Amino acid sequence: MDTLLLTLLLTPFLLALLLPAAGQRLGARTGWLALLGPVIAFAAILSIQLSPQETHVAAEWPWLPSLGAALTFNPDGLALFFGFVVTGIGILVTLYAANYLDDHYRDHGKFYCYLMLFMGAMLLTVFSSNLLVLFVAWELTGLTSFLLIGFLHEKADSQRGARMALLTTGLTGLALLAGIVLLWLVFGTFELSSIVGAPVPAGREDLLLAAFLCCFTGIAGKSAQFPFHYWLPNAMAAPTPVSAYLHSATMVKLGVFLTARLLPVFNGLESWTPVLTTIGFGTLLLGAAFALLSQDLKGVLAYT
């Protein structure tokens, strides 16, 4: 199991190291080499899924023991589902990009390097069982998305969209970090396996509520929920494969993922359901209205 986990987590990063140099030789054909990343990672996830359930155990490697942070990765059902989404859509988008990004584009190696780094960050996020490691991977998705949104950096729209996405997801990510620290103050650990199902110590209910509000701010920022909905349409200035992968299929789904991951921790709070349904349904109505008013196809996709 450790070997399969290492394979799916490291393959995109190792391939990313090779792609800039390969791009100088292969040009527009670099996409076919980059396709190995999502294919190998998808095969590793499928192998884990098809293996006996009793072998689905978390793998742990030491990282920062003084902070209670370990590289803990748990291939549970939620992680495997989102892993299939990340790698499955990754295969389709890389295939599309290999045909879409022709010789009119430059820096193919750099583009696919950024794409693989983003995929690797996504996989680290969804498989991480340590909240501190999850936060680092969460922010890495924001940095790599900044590079992809601003890939056509000579265009003013790309520059503006990349800065807006980075600032919004980065600042709301700090709120998520505050929420994670508050959870540590409540439960005394960053390990989700120890937090889930643990009783809330007496007198720390207010800290748990504050942790929820901070975590939800980070979730809303990443998934472009109101009032942070404005960055997503502007990010559509990126090349179309980027828009398809980051903003329609994967990165904005990180908010959905983290909501599901933290459900066992926060669902006992009275404010959980009202906050999620109000913000979620309000964003749905707002996006539908803006989609009807949009005159650009990618804008319609972004708002919906």
# chains A, B, ... in the order shown; residues from 1 in each chain; ligands from 1

$ residues_around --residues "A:Val186" --least-positions-apart "4" --cutoff "10 Å" --atoms "only C-alpha atoms" --output "ChimeraX atom specification"
/A:180-182,195,199-208,211

$ closest_atom_pairs --of "stretch 203-241 of chain A" --to "stretch 88-93 of chain A" --cutoff "12 Å" --atoms "only C-alpha atoms" --output "tab-separated table"
residue	atom	partner	partner_atom	distance
A:Pro239	CA	A:Val93	CA	11.6
A:Thr240	CA	A:Val93	CA	9.6
A:Pro241	CA	A:Val93	CA	6.0

$ residues_around --residues "A:Ile149" --least-positions-apart "2" --cutoff "7 Å" --atoms "only C-alpha atoms" --output "JSON, numbers by chain"
{"A": [145, 146, 147, 151, 158, 161, 162, 235, 237, 238]}

$ residues_around --residues "A:Trp231" --least-positions-apart "4" --cutoff "12 Å" --atoms "only C-alpha atoms" --output "number ranges by chain"
A: 146, 149, 157-158, 160-170, 220-227, 235-237, 247, 252, 299, 302-303

$ atom_distance --atom1 "atom CA of A:Ala28" --atom2 "atom CA of A:Ala98"
6.9 Å

$ closest_residue --among "A:Leu152, A:Leu293, A:Val242, A:Leu8" --to "A:Arg106" --atoms "only C-alpha atoms"
A:Leu152

$ atom_distance --atom1 "atom CA of A:Tyr114" --atom2 "atom CA of A:Trp63"
24.9 Å

$ closest_residue --among "A:His153, A:Thr250, A:Val133, A:His108" --to "A:Thr87" --atoms "only C-alpha atoms"
A:Thr250

$ atom_distance --atom1 "atom CA of A:Thr304" --atom2 "atom CA of A:Ala289"
9.1 Å

$ select_by_dssp --residues "stretch 148-191 of chain A" --states "helix (DSSP H, G or I)" --output "count of residues only"
34

$ residues_around --residues "stretch 64-78 of chain A" --least-positions-apart "2" --cutoff "6 Å" --atoms "only C-alpha atoms" --output "JSON, numbers by chain"
{"A": [58, 59, 60, 61, 62, 80, 81, 127, 128, 129, 130]}

$ closest_residue --among "A:Ala22, A:Met251, A:Ala79, A:Leu174" --to "A:Phe111" --atoms "only C-alpha atoms"
A:Ala22

$ closest_residue --among "A:Trp138, A:Phe190, A:Tyr230, A:Phe281" --to "A:Leu123" --atoms "only C-alpha atoms"
A:Trp138
